[in-house]
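Structure data follow from work_27.cif (mmCIF, C-alpha atoms):
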```
data_protein
loop_
_atom_site.label_atom_id
_atom_site.label_comp_id
_atom_site.auth_asym_id
_atom_site.auth_seq_id
_atom_site.Cartn_x
_atom_site.Cartn_y
_atom_site.Cartn_z
CA MET A 1 52.59 0.22 113.37
CA ALA A 2 51.65 -3.46 113.56
CA ASN A 3 54.13 -6.04 112.37
CA ASP A 4 53.54 -7.79 109.03
CA LYS A 5 51.50 -10.98 108.81
CA ILE A 6 53.10 -14.39 108.34
CA THR A 7 51.36 -17.61 107.28
CA ILE A 8 52.88 -20.87 108.51
CA SER A 9 51.80 -24.40 107.60
CA ASP A 10 53.17 -27.50 109.29
CA ALA A 11 52.99 -30.48 106.95
CA ILE A 12 53.23 -32.93 109.85
CA THR A 13 50.32 -31.60 111.89
CA GLY A 14 48.39 -30.22 108.91
CA GLU A 15 47.87 -27.01 110.87
CA THR A 16 48.04 -23.59 109.22
CA ILE A 17 48.27 -20.44 111.30
CA GLU A 18 48.31 -16.76 110.50
CA ARG A 19 49.88 -14.36 112.98
CA GLN A 20 51.77 -11.13 113.27
CA MET A 21 55.53 -11.46 112.89
CA THR A 22 57.56 -11.35 116.04
CA ASN A 23 59.84 -8.35 116.43
CA GLN A 24 62.80 -10.55 115.47
CA GLU A 25 61.02 -11.77 112.33
CA GLN A 26 59.99 -8.22 111.48
CA SER A 27 63.60 -7.05 111.82
CA ALA A 28 64.68 -9.78 109.40
CA ARG A 29 61.84 -8.77 107.07
CA ASP A 30 62.87 -5.12 107.18
CA ALA A 31 66.49 -6.04 106.46
CA PHE A 32 65.29 -8.18 103.55
CA LEU A 33 63.27 -5.31 102.08
CA ALA A 34 66.25 -2.97 102.46
CA GLU A 35 68.41 -5.50 100.63
CA ILE A 36 65.89 -5.75 97.80
CA ALA A 37 65.66 -1.95 97.56
CA ALA A 38 69.45 -1.73 97.36
CA GLU A 39 69.56 -4.40 94.64
CA GLU A 40 66.89 -2.59 92.66
CA ALA A 41 68.78 0.69 93.02
CA VAL A 42 71.97 -0.93 91.72
CA ALA A 43 70.08 -2.51 88.81
CA LYS A 44 68.42 0.81 87.95
CA ALA A 45 71.71 2.67 88.10
CA SER A 46 73.28 0.07 85.83
CA ALA A 47 70.40 0.30 83.34
CA ASP A 48 70.49 4.10 83.43
CA LYS A 49 74.25 4.12 82.81
CA ALA A 50 73.89 1.69 79.89
CA ALA A 51 71.18 3.88 78.34
CA LYS A 52 73.29 6.98 78.85
CA ASP A 53 76.38 5.33 77.30
CA LYS A 54 74.30 4.15 74.37
CA ALA A 55 72.88 7.63 73.77
CA ALA A 56 76.37 9.15 73.99
CA LEU A 57 77.72 6.67 71.45
CA LEU A 58 74.87 7.30 69.03
CA ALA A 59 75.43 11.03 69.38
CA LYS A 60 79.12 10.58 68.50
CA LEU A 61 78.10 8.58 65.45
CA GLY A 62 75.49 11.12 64.52
CA LEU A 63 72.78 8.47 64.34
CA THR A 64 69.38 7.99 65.91
CA ALA A 65 68.53 4.68 67.55
CA ASP A 66 66.24 3.75 64.63
CA GLU A 67 68.96 4.59 62.11
CA PHE A 68 71.42 2.42 64.03
CA LYS A 69 68.96 -0.51 64.03
CA THR A 70 68.51 -0.13 60.28
CA LEU A 71 72.27 0.00 59.83
CA ILE A 72 72.97 -3.26 61.65
CA GLY A 73 70.01 -5.01 60.08
CA MET B 74 40.86 -62.65 124.00
CA ALA B 75 37.72 -63.69 122.20
CA LYS B 76 34.42 -62.23 123.32
CA GLN B 77 33.17 -63.95 126.51
CA THR B 78 29.66 -64.63 127.77
CA PHE B 79 29.41 -64.21 131.53
CA THR B 80 26.51 -65.49 133.58
CA THR B 81 24.71 -64.00 136.55
CA GLY B 82 26.57 -64.60 139.78
CA GLN B 83 29.73 -65.78 138.06
CA VAL B 84 32.94 -64.80 139.80
CA LEU B 85 35.47 -63.38 137.36
CA THR B 86 39.03 -64.53 137.73
CA ALA B 87 42.04 -62.27 137.64
CA ALA B 88 43.18 -64.04 134.47
CA GLN B 89 39.88 -63.23 132.73
CA MET B 90 40.02 -59.59 133.78
CA THR B 91 43.64 -59.32 132.69
CA ALA B 92 42.85 -60.88 129.32
CA LEU B 93 39.92 -58.50 128.77
CA GLN B 94 42.07 -55.53 129.71
CA LEU B 95 44.79 -56.67 127.37
CA ASN B 96 42.39 -56.61 124.45
CA ASP B 97 41.80 -52.92 125.16
CA TYR B 98 45.42 -51.94 125.61
CA ASN B 99 47.18 -54.52 123.45
CA GLN B 100 44.67 -55.90 121.02
CA THR B 101 44.47 -59.64 120.51
CA VAL B 102 45.99 -60.54 117.14
CA ASN B 103 45.07 -63.58 115.07
CA ALA B 104 47.97 -64.01 112.67
CA LYS B 105 47.08 -65.80 109.42
CA VAL B 106 49.26 -66.88 106.53
CA ALA B 107 46.66 -68.54 104.29
CA SER B 108 43.22 -67.53 103.02
CA TYR B 109 40.88 -67.47 105.96
CA THR B 110 37.16 -67.54 106.80
CA LEU B 111 36.22 -65.42 109.78
CA VAL B 112 34.79 -67.16 112.86
CA ALA B 113 32.73 -65.77 115.75
CA SER B 114 35.68 -65.56 118.12
CA ASP B 115 37.39 -63.07 115.77
CA ALA B 116 35.04 -60.30 116.96
CA GLY B 117 36.98 -57.50 118.61
CA THR B 118 40.36 -58.81 117.48
CA ARG B 119 42.79 -57.90 114.72
CA ILE B 120 43.37 -60.35 111.90
CA THR B 121 46.75 -60.06 110.23
CA MET B 122 47.44 -61.68 106.88
CA SER B 123 50.99 -62.35 105.77
CA ASN B 124 51.49 -64.08 102.46
CA ALA B 125 53.65 -63.29 99.43
CA SER B 126 50.78 -64.43 97.20
CA ALA B 127 47.17 -63.24 97.01
CA THR B 128 44.78 -64.35 99.76
CA THR B 129 41.13 -63.91 100.68
CA ILE B 130 39.31 -63.27 103.95
CA THR B 131 35.76 -64.54 103.73
CA VAL B 132 32.84 -63.04 105.66
CA ASN B 133 29.85 -65.26 106.42
CA THR B 134 26.50 -64.55 108.07
CA SER B 135 25.13 -65.59 111.47
CA LEU B 136 28.50 -65.43 113.22
CA PHE B 137 28.57 -61.86 114.50
CA ALA B 138 26.09 -59.64 116.30
CA ALA B 139 25.12 -56.09 115.43
CA GLY B 140 27.84 -53.81 116.79
CA ASP B 141 30.64 -56.36 116.55
CA THR B 142 33.82 -54.90 115.05
CA LEU B 143 37.05 -56.49 113.92
CA PHE B 144 40.18 -55.16 112.30
CA ILE B 145 42.15 -56.59 109.41
CA THR B 146 45.74 -55.73 108.42
CA ASN B 147 47.66 -57.10 105.45
CA ILE B 148 51.34 -57.45 106.24
CA GLY B 149 52.30 -59.61 103.26
CA ALA B 150 53.32 -58.58 99.77
CA GLY B 151 50.36 -60.43 98.27
CA ALA B 152 47.06 -58.55 98.13
CA SER B 153 44.39 -59.77 100.52
CA THR B 154 40.75 -59.39 99.44
CA ILE B 155 37.79 -59.10 101.78
CA THR B 156 35.33 -61.53 100.21
CA PRO B 157 31.61 -61.61 101.01
CA GLY B 158 30.66 -65.25 101.55
CA THR B 159 27.11 -65.61 102.80
CA ALA B 160 27.20 -62.17 104.45
CA THR B 161 26.75 -58.82 102.74
CA VAL B 162 29.74 -56.46 102.89
CA SER B 163 28.90 -52.85 102.06
CA THR B 164 31.63 -50.34 101.32
CA ALA B 165 32.51 -47.19 99.42
CA SER B 166 36.15 -48.22 99.27
CA SER B 167 38.14 -51.07 97.82
CA LEU B 168 37.86 -54.56 99.31
CA ILE B 169 41.47 -55.21 98.35
CA LEU B 170 44.20 -54.68 100.93
CA ALA B 171 47.62 -54.01 99.49
CA GLN B 172 50.66 -54.54 101.69
CA TYR B 173 50.39 -52.51 104.91
CA ASP B 174 46.77 -51.56 104.24
CA SER B 175 44.23 -52.02 107.03
CA GLY B 176 40.50 -51.84 107.44
CA THR B 177 37.59 -52.30 109.80
CA LEU B 178 34.57 -54.60 109.51
CA TYR B 179 31.63 -53.21 111.47
CA PHE B 180 28.54 -55.44 111.63
CA THR B 181 25.19 -53.68 111.54
CA SER B 182 23.35 -57.03 111.80
CA THR B 183 24.33 -60.68 111.82
CA GLY B 184 24.40 -60.77 108.03
CA VAL B 185 25.56 -57.28 107.04
CA ALA B 186 28.89 -55.60 107.64
CA ILE B 187 30.29 -52.23 106.64
CA TRP B 188 33.90 -52.25 105.43
CA GLN B 189 36.08 -49.18 105.87
CA LYS B 190 39.56 -49.30 104.46
CA TYR B 191 42.51 -47.24 105.65
CA GLN B 192 45.35 -46.62 103.26
CA GLY B 193 48.75 -47.82 104.46
CA ALA B 194 51.29 -45.02 104.71
CA ALA B 195 54.12 -46.97 103.14
CA ALA B 196 51.98 -48.32 100.32
CA GLY B 197 50.61 -44.84 99.63
CA GLY B 198 54.06 -43.44 99.11
CA THR B 199 55.49 -45.99 96.78
CA SER B 200 54.50 -44.47 93.48
CA GLY B 201 53.11 -41.36 91.86
CA LEU B 202 52.23 -38.03 93.39
CA THR B 203 50.99 -37.72 96.94
CA LYS B 204 49.56 -34.46 98.24
CA ILE B 205 51.41 -33.51 101.41
CA VAL B 206 49.94 -30.16 102.36
CA THR B 207 47.83 -27.41 100.86
CA ALA B 208 46.64 -24.06 102.20
CA ASP B 209 45.43 -20.64 101.20
CA PHE B 210 47.30 -17.50 102.21
CA SER B 211 46.20 -13.91 102.08
CA ALA B 212 48.08 -10.63 102.42
CA SER B 213 51.06 -12.36 104.04
CA ALA B 214 54.53 -10.83 104.02
CA ALA B 215 55.97 -14.34 104.34
CA VAL B 216 54.54 -17.80 103.66
CA GLN B 217 56.30 -20.71 105.33
CA ILE B 218 55.69 -24.41 104.71
CA SER B 219 57.37 -26.37 107.51
CA ASN B 220 58.29 -30.06 107.59
CA CYS B 221 57.09 -30.73 104.04
CA PHE B 222 60.40 -32.31 102.96
CA THR B 223 61.21 -35.65 104.60
CA SER B 224 62.98 -38.86 103.69
CA THR B 225 59.65 -40.32 102.52
CA TYR B 226 60.06 -38.93 99.00
CA VAL B 227 62.91 -38.22 96.63
CA ASN B 228 61.42 -35.27 94.76
CA TYR B 229 58.75 -32.71 95.51
CA ILE B 230 56.54 -30.44 93.45
CA ILE B 231 55.19 -27.18 94.82
CA VAL B 232 52.32 -25.53 92.97
CA LEU B 233 51.50 -21.89 93.63
CA ASN B 234 48.11 -20.89 92.28
CA ALA B 235 46.39 -17.54 91.89
CA LEU B 236 49.46 -15.74 93.15
CA GLY B 237 49.44 -12.01 93.65
CA ASN B 238 51.84 -9.51 95.20
CA SER B 239 50.43 -6.31 96.66
CA ALA B 240 53.55 -4.40 95.59
CA GLY B 241 53.85 -6.02 92.16
CA GLY B 242 57.47 -6.96 92.73
CA ALA B 243 59.54 -10.11 92.56
CA LEU B 244 58.82 -13.53 94.07
CA TYR B 245 61.56 -14.93 96.30
CA MET B 246 62.11 -18.40 97.75
CA ASN B 247 64.27 -19.58 100.67
CA TRP B 248 64.92 -23.04 102.01
CA MET B 249 64.23 -23.74 105.67
CA THR B 250 65.92 -26.14 108.07
CA GLY B 251 64.72 -27.57 111.36
CA THR B 252 61.17 -26.60 112.22
CA ASN B 253 61.14 -23.20 110.52
CA THR B 254 64.64 -21.73 110.44
CA VAL B 255 64.97 -19.67 107.27
CA VAL B 256 68.31 -20.04 105.47
CA ASN B 257 69.11 -16.50 104.37
CA SER B 258 72.89 -16.45 104.10
CA GLY B 259 74.64 -15.75 100.80
CA ILE B 260 74.80 -19.32 99.54
CA TYR B 261 72.13 -19.32 96.82
CA TYR B 262 73.25 -19.84 93.21
CA GLY B 263 71.32 -20.05 89.98
CA GLY B 264 69.84 -18.20 87.07
CA GLY B 265 66.86 -17.77 84.81
CA TRP B 266 65.06 -15.43 82.50
CA SER B 267 61.67 -13.96 81.86
CA VAL B 268 59.75 -12.73 78.85
CA LYS B 269 56.73 -10.49 79.00
CA ASN B 270 53.99 -10.24 76.39
CA ASP B 271 55.51 -6.96 75.18
CA ALA B 272 58.76 -8.86 74.42
CA THR B 273 60.59 -7.26 77.34
CA THR B 274 63.16 -9.74 78.61
CA ALA B 275 65.10 -9.89 81.83
CA THR B 276 67.73 -12.19 83.25
CA ILE B 277 67.61 -13.42 86.82
CA THR B 278 70.73 -14.36 88.73
CA SER B 279 71.54 -15.63 92.19
CA ASN B 280 75.30 -15.69 92.62
CA GLY B 281 76.03 -16.05 96.30
CA ASP B 282 72.68 -14.44 96.93
CA THR B 283 70.51 -14.67 100.04
CA LYS B 284 67.51 -16.18 98.22
CA PHE B 285 66.27 -17.58 94.93
CA THR B 286 64.50 -15.05 92.71
CA LEU B 287 61.81 -17.00 90.87
CA ALA B 288 60.49 -14.11 88.82
CA PRO B 289 61.50 -10.49 88.54
CA THR B 290 57.93 -9.26 88.73
CA VAL B 291 54.80 -10.83 90.13
CA ALA B 292 51.90 -8.63 89.12
CA THR B 293 49.35 -7.43 91.60
CA ASN B 294 46.58 -9.51 90.08
CA THR B 295 45.99 -13.04 91.31
CA ARG B 296 46.00 -14.98 88.07
CA GLN B 297 49.57 -16.25 88.15
CA ASN B 298 50.82 -19.76 88.76
CA PHE B 299 54.16 -21.38 89.46
CA THR B 300 55.26 -25.01 89.39
CA ILE B 301 58.45 -25.63 91.36
CA ASN B 302 60.38 -28.90 91.29
CA CYS B 303 62.53 -29.56 94.37
CA SER B 304 65.13 -32.27 94.79
CA ASN B 305 67.94 -33.11 97.18
CA VAL B 306 65.74 -31.93 100.03
CA GLY B 307 64.53 -33.74 103.12
CA ASN B 308 67.11 -36.48 102.87
CA GLY B 309 69.99 -35.42 105.06
CA SER B 310 73.24 -34.06 103.73
CA GLN B 311 72.39 -32.78 100.27
CA ASP B 312 72.55 -29.48 98.41
CA GLY B 313 68.90 -28.62 97.89
CA ASN B 314 68.12 -27.62 94.33
CA MET B 315 65.06 -26.47 92.49
CA SER B 316 63.68 -25.35 89.16
CA SER B 317 60.57 -23.34 88.54
CA LEU B 318 58.36 -22.29 85.71
CA GLY B 319 55.67 -19.70 86.09
CA ASN B 320 53.72 -16.98 84.41
CA GLY B 321 55.22 -14.69 86.95
CA SER B 322 56.61 -11.82 84.97
CA GLY B 323 53.60 -9.61 84.47
CA ASN B 324 51.61 -11.54 81.91
CA GLY B 325 54.63 -13.35 80.50
CA ILE B 326 56.63 -16.32 81.71
CA ALA B 327 59.60 -16.75 84.02
CA THR B 328 61.87 -19.70 84.60
CA PHE B 329 64.60 -20.21 87.15
CA ALA B 330 66.86 -23.01 88.40
CA GLY B 331 69.11 -22.87 91.43
CA ILE B 332 71.02 -24.72 94.10
CA ILE B 333 72.14 -23.90 97.61
CA ALA B 334 75.76 -24.44 98.67
CA SER B 335 74.92 -26.14 101.93
CA SER B 336 74.51 -29.76 102.92
CA ALA B 337 72.17 -28.94 105.81
CA SER B 338 68.98 -30.99 105.54
CA THR B 339 66.26 -28.89 103.95
CA THR B 340 62.92 -29.42 105.65
CA GLY B 341 60.74 -26.60 104.35
CA VAL B 342 60.41 -23.55 102.17
CA GLN B 343 59.51 -19.89 102.52
CA PHE B 344 58.07 -17.55 99.89
CA THR B 345 58.29 -13.78 100.15
CA GLY B 346 57.94 -10.69 98.01
CA ASN B 347 58.51 -7.00 98.49
CA GLY B 348 54.77 -6.77 99.10
CA ASN B 349 52.21 -9.09 100.65
CA LEU B 350 51.42 -12.38 98.93
CA THR B 351 48.01 -13.90 98.30
CA GLY B 352 47.28 -17.28 96.76
CA THR B 353 47.22 -21.03 97.34
CA TYR B 354 50.05 -23.52 97.62
CA THR B 355 50.10 -27.29 97.40
CA VAL B 356 53.11 -29.53 98.04
CA TYR B 357 53.25 -32.98 96.44
CA GLY B 358 55.70 -35.76 97.18
CA LEU B 359 56.96 -37.66 94.14
CA ALA B 360 58.07 -41.21 94.83
CA LYS B 361 60.55 -43.12 92.70
#
```

Show the structure stored in the file as structure tokens.
Amino acid sequence: MANDKITISDAITGETIERQMTNQEQSARDAFLAEIAAEEAVAKASADKAAKDKAALLAKLGLTADEFKTLIG
Amino acid sequence: MAKQTFTTGQVLTAAQMTALQLNDYNQTVNAKVASYTLVASDAGTRITMSNASATTITVNTSLFAAGDTLFITNIGAGASTITPGTATVSTASSLILAQYDSGTLYFTSTGVAIWQKYQGAAAGGTSGLTKIVTADFSASAAVQISNCFTSTYVNYIIVLNALGNSAGGALYMNWMTGTNTVVNSGIYYGGGWSVKNDATTATITSNGDTKFTLAPTVATNTRQNFTINCSNVGNGSQDGNMSSLGNGSGNGIATFAGIIASSASTTGVQFTGNGNLTGTYTVYGLAK
């Protein structure tokens, strides 16, 4: 599979080039994407846990989400 | 050396040849400090004007031949104005030379000259916005703008237009040092928030992160725009900081401000996403 494309402009020369990433750049890119995926997984897990905790609390109170909103104004 | 007229059979001296060569490699300069009227021997030379007050350089007819060219540079703080005397001076640019401006007078006949002005670099950077670089990019995993931050300006504005992300994910920004070395260590700090049209909100944080996150989601369409202010960049040992505002969160807005904990001189910037980016960027320098 071909490496990703990178666009580079040099403000001194005014030249803009498009080329395939070098293997080193592609490795850095892949590591970056893995990092983003990990961050998104952590964020999703956190959001899922918060939703689960909220649902559990409402269940203990015997209220629906709409009823709770009405209750707190 | 002023233009010479040689005659048939004349033997040129070494001094004449040397003087002629010098005008090619080290142009003859006629330094002036007061308003001046051009004379025939100015052809092919450079006139410099140096005066703290305004001056004029007058152009008269019947002194120059078609094809004669001379150069004029204003060194002084006072503006110097190219003034048609008895000759006609045609131009599409200003006849006024601010400090460090230069221009060329090219005679198309003995009585008509064309004036072409060149903007002085220093004078051009003294106030307002100056466009440094602009380019389109398409389906690029990374977009790098090298050498756009220098000591010429104090602040910079980057405008991203018609931005799209093939994966519809976040937009990230990294500083660069040197020619194009991306700074991707965990030294990015900052925060922001976004609001979509459906009232969904999100906070954005960079706390010892490896990049700035300008918007949590850049939609796949190409109708989004960001304006990014950059300061403490391009001027040696400073902690580069930035703030951005964009309609980058779906169809809503996103704002972010951050700083990098490094005094390495920031010379450029890189934009990335989790997909490929398409759009246009323009970098402006903002003088004091």

Give me, as JSON lines, the closest atom pair and its distance (Å, one decimal) for every residue of chain B within a cut-off of 8 Å of chain A, counting all atoms listed in the file, rows sorted by chain and rising number.
```
{"residue": "B:Ile205", "atom": "CA", "partner": "A:Ala11", "partner_atom": "CA", "distance": 6.5}
{"residue": "B:Val206", "atom": "CA", "partner": "A:Ala11", "partner_atom": "CA", "distance": 5.5}
{"residue": "B:Ala208", "atom": "CA", "partner": "A:Thr16", "partner_atom": "CA", "distance": 7.2}
{"residue": "B:Phe210", "atom": "CA", "partner": "A:Thr7", "partner_atom": "CA", "distance": 6.5}
{"residue": "B:Ala212", "atom": "CA", "partner": "A:Lys5", "partner_atom": "CA", "distance": 7.3}
{"residue": "B:Ser213", "atom": "CA", "partner": "A:Lys5", "partner_atom": "CA", "distance": 5.0}
{"residue": "B:Ala214", "atom": "CA", "partner": "A:Lys5", "partner_atom": "CA", "distance": 5.7}
{"residue": "B:Ala215", "atom": "CA", "partner": "A:Ile6", "partner_atom": "CA", "distance": 4.9}
{"residue": "B:Val216", "atom": "CA", "partner": "A:Thr7", "partner_atom": "CA", "distance": 4.8}
{"residue": "B:Gln217", "atom": "CA", "partner": "A:Ile8", "partner_atom": "CA", "distance": 4.7}
{"residue": "B:Ile218", "atom": "CA", "partner": "A:Ser9", "partner_atom": "CA", "distance": 4.8}
{"residue": "B:Ser219", "atom": "CA", "partner": "A:Asp10", "partner_atom": "CA", "distance": 4.7}
{"residue": "B:Asn220", "atom": "CA", "partner": "A:Ala11", "partner_atom": "CA", "distance": 5.4}
{"residue": "B:Cys221", "atom": "CA", "partner": "A:Ala11", "partner_atom": "CA", "distance": 5.0}
{"residue": "B:Asn347", "atom": "CA", "partner": "A:Leu33", "partner_atom": "CA", "distance": 6.2}
```

Inset, instruction - Pick out the residues sitting within 9 Å of Gly358 in chain B, and hand them over as a ChimeraX atom specification; count all atoms listed in the file, and ignore anything fewer than 2 positions along from it in its own chain. - result: /B:198,201-205,221-222,225-231,356,360

Prev. selection, C-alpha atoms, output as a short mmCIF file (atom, residue, chain, number, x, y, z; two decimals), in the coordinates of the input:
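Output file out-v3.cif follows:
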```cif
data_model
loop_
_atom_site.label_atom_id
_atom_site.label_comp_id
_atom_site.auth_asym_id
_atom_site.auth_seq_id
_atom_site.Cartn_x
_atom_site.Cartn_y
_atom_site.Cartn_z
CA GLY B 198 54.06 -43.44 99.11
CA GLY B 201 53.11 -41.36 91.86
CA LEU B 202 52.23 -38.03 93.39
CA THR B 203 50.99 -37.72 96.94
CA LYS B 204 49.56 -34.46 98.24
CA ILE B 205 51.41 -33.51 101.41
CA CYS B 221 57.09 -30.73 104.04
CA PHE B 222 60.40 -32.31 102.96
CA THR B 225 59.65 -40.32 102.52
CA TYR B 226 60.06 -38.93 99.00
CA VAL B 227 62.91 -38.22 96.63
CA ASN B 228 61.42 -35.27 94.76
CA TYR B 229 58.75 -32.71 95.51
CA ILE B 230 56.54 -30.44 93.45
CA ILE B 231 55.19 -27.18 94.82
CA VAL B 356 53.11 -29.53 98.04
CA ALA B 360 58.07 -41.21 94.83
#
```

Legend entry - 12 Å contact set for Gln89 in chain B, only C-alpha atoms, chain neighbours under 3 positions out, as an NGL selection string: :B and (74-79 or 83-86 or 92-96)

Inset, instruction - Measure the distance from CA of Gly73 in chain A to CA of Asn270 in chain B in Å and round it to one decimal. - result: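 CA of Gly73 in chain A sits 23.5 Å away from CA of Asn270 in chain B.
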
Legend entry - Residues in the PyMOL selection byres ((chain A and resi 39-50) around 12), expressed as a PyMOL selection string: (chain A and resi 32-38+51-57) or (chain B and resi 242-243+275-279+282-283+286+289-290+347)

Inset, instruction - Please evaluate the PyMOL selection byres ((chain B and resi 183-185) around 8) against the structure above and give the resulting residues as a PyMOL selection string. - result: chain B and resi 133-139+159-163+180-182+186-187

Legend entry - Hits of the PyMOL selection byres ((chain B and resi 294) around 8) in this structure, as a count of residues only: 8

Completion step: range 91-104 of chain B with N, CA and C atoms as a PDB file, in the coordinates of the input:
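Now in out-v3.pdb:
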```pdb
ATOM      1  N   THR B  91      42.388 -59.733 133.328  1.00  0.00           N
ATOM      2  CA  THR B  91      43.640 -59.320 132.690  1.00  0.00           C
ATOM      3  C   THR B  91      43.552 -59.488 131.170  1.00  0.00           C
ATOM      4  N   ALA B  92      42.969 -60.632 130.757  1.00  0.00           N
ATOM      5  CA  ALA B  92      42.850 -60.880 129.320  1.00  0.00           C
ATOM      6  C   ALA B  92      41.938 -59.855 128.664  1.00  0.00           C
ATOM      7  N   LEU B  93      40.837 -59.504 129.326  1.00  0.00           N
ATOM      8  CA  LEU B  93      39.920 -58.500 128.770  1.00  0.00           C
ATOM      9  C   LEU B  93      40.603 -57.145 128.675  1.00  0.00           C
ATOM     10  N   GLN B  94      41.364 -56.813 129.725  1.00  0.00           N
ATOM     11  CA  GLN B  94      42.070 -55.530 129.710  1.00  0.00           C
ATOM     12  C   GLN B  94      43.108 -55.489 128.597  1.00  0.00           C
ATOM     13  N   LEU B  95      43.763 -56.621 128.411  1.00  0.00           N
ATOM     14  CA  LEU B  95      44.790 -56.670 127.370  1.00  0.00           C
ATOM     15  C   LEU B  95      44.208 -56.384 126.000  1.00  0.00           C
ATOM     16  N   ASN B  96      42.981 -56.842 125.772  1.00  0.00           N
ATOM     17  CA  ASN B  96      42.390 -56.610 124.450  1.00  0.00           C
ATOM     18  C   ASN B  96      42.112 -55.129 124.215  1.00  0.00           C
ATOM     19  N   ASP B  97      41.975 -54.360 125.304  1.00  0.00           N
ATOM     20  CA  ASP B  97      41.800 -52.920 125.160  1.00  0.00           C
ATOM     21  C   ASP B  97      43.126 -52.228 124.921  1.00  0.00           C
ATOM     22  N   TYR B  98      44.141 -52.666 125.643  1.00  0.00           N
ATOM     23  CA  TYR B  98      45.420 -51.940 125.610  1.00  0.00           C
ATOM     24  C   TYR B  98      46.446 -52.580 124.673  1.00  0.00           C
ATOM     25  N   ASN B  99      46.246 -53.827 124.336  1.00  0.00           N
ATOM     26  CA  ASN B  99      47.180 -54.520 123.450  1.00  0.00           C
ATOM     27  C   ASN B  99      46.363 -55.567 122.714  1.00  0.00           C
ATOM     28  N   GLN B 100      45.726 -55.116 121.653  1.00  0.00           N
ATOM     29  CA  GLN B 100      44.670 -55.900 121.020  1.00  0.00           C
ATOM     30  C   GLN B 100      45.110 -57.313 120.637  1.00  0.00           C
ATOM     31  N   THR B 101      44.214 -58.250 120.883  1.00  0.00           N
ATOM     32  CA  THR B 101      44.470 -59.640 120.510  1.00  0.00           C
ATOM     33  C   THR B 101      44.637 -59.737 118.994  1.00  0.00           C
ATOM     34  N   VAL B 102      45.687 -60.410 118.560  1.00  0.00           N
ATOM     35  CA  VAL B 102      45.990 -60.540 117.140  1.00  0.00           C
ATOM     36  C   VAL B 102      45.886 -62.000 116.727  1.00  0.00           C
ATOM     37  N   ASN B 103      45.140 -62.238 115.670  1.00  0.00           N
ATOM     38  CA  ASN B 103      45.070 -63.580 115.070  1.00  0.00           C
ATOM     39  C   ASN B 103      45.885 -63.536 113.787  1.00  0.00           C
ATOM     40  N   ALA B 104      47.081 -64.066 113.833  1.00  0.00           N
ATOM     41  CA  ALA B 104      47.970 -64.010 112.670  1.00  0.00           C
ATOM     42  C   ALA B 104      47.664 -65.154 111.719  1.00  0.00           C
TER      43      ALA B 104
END
```
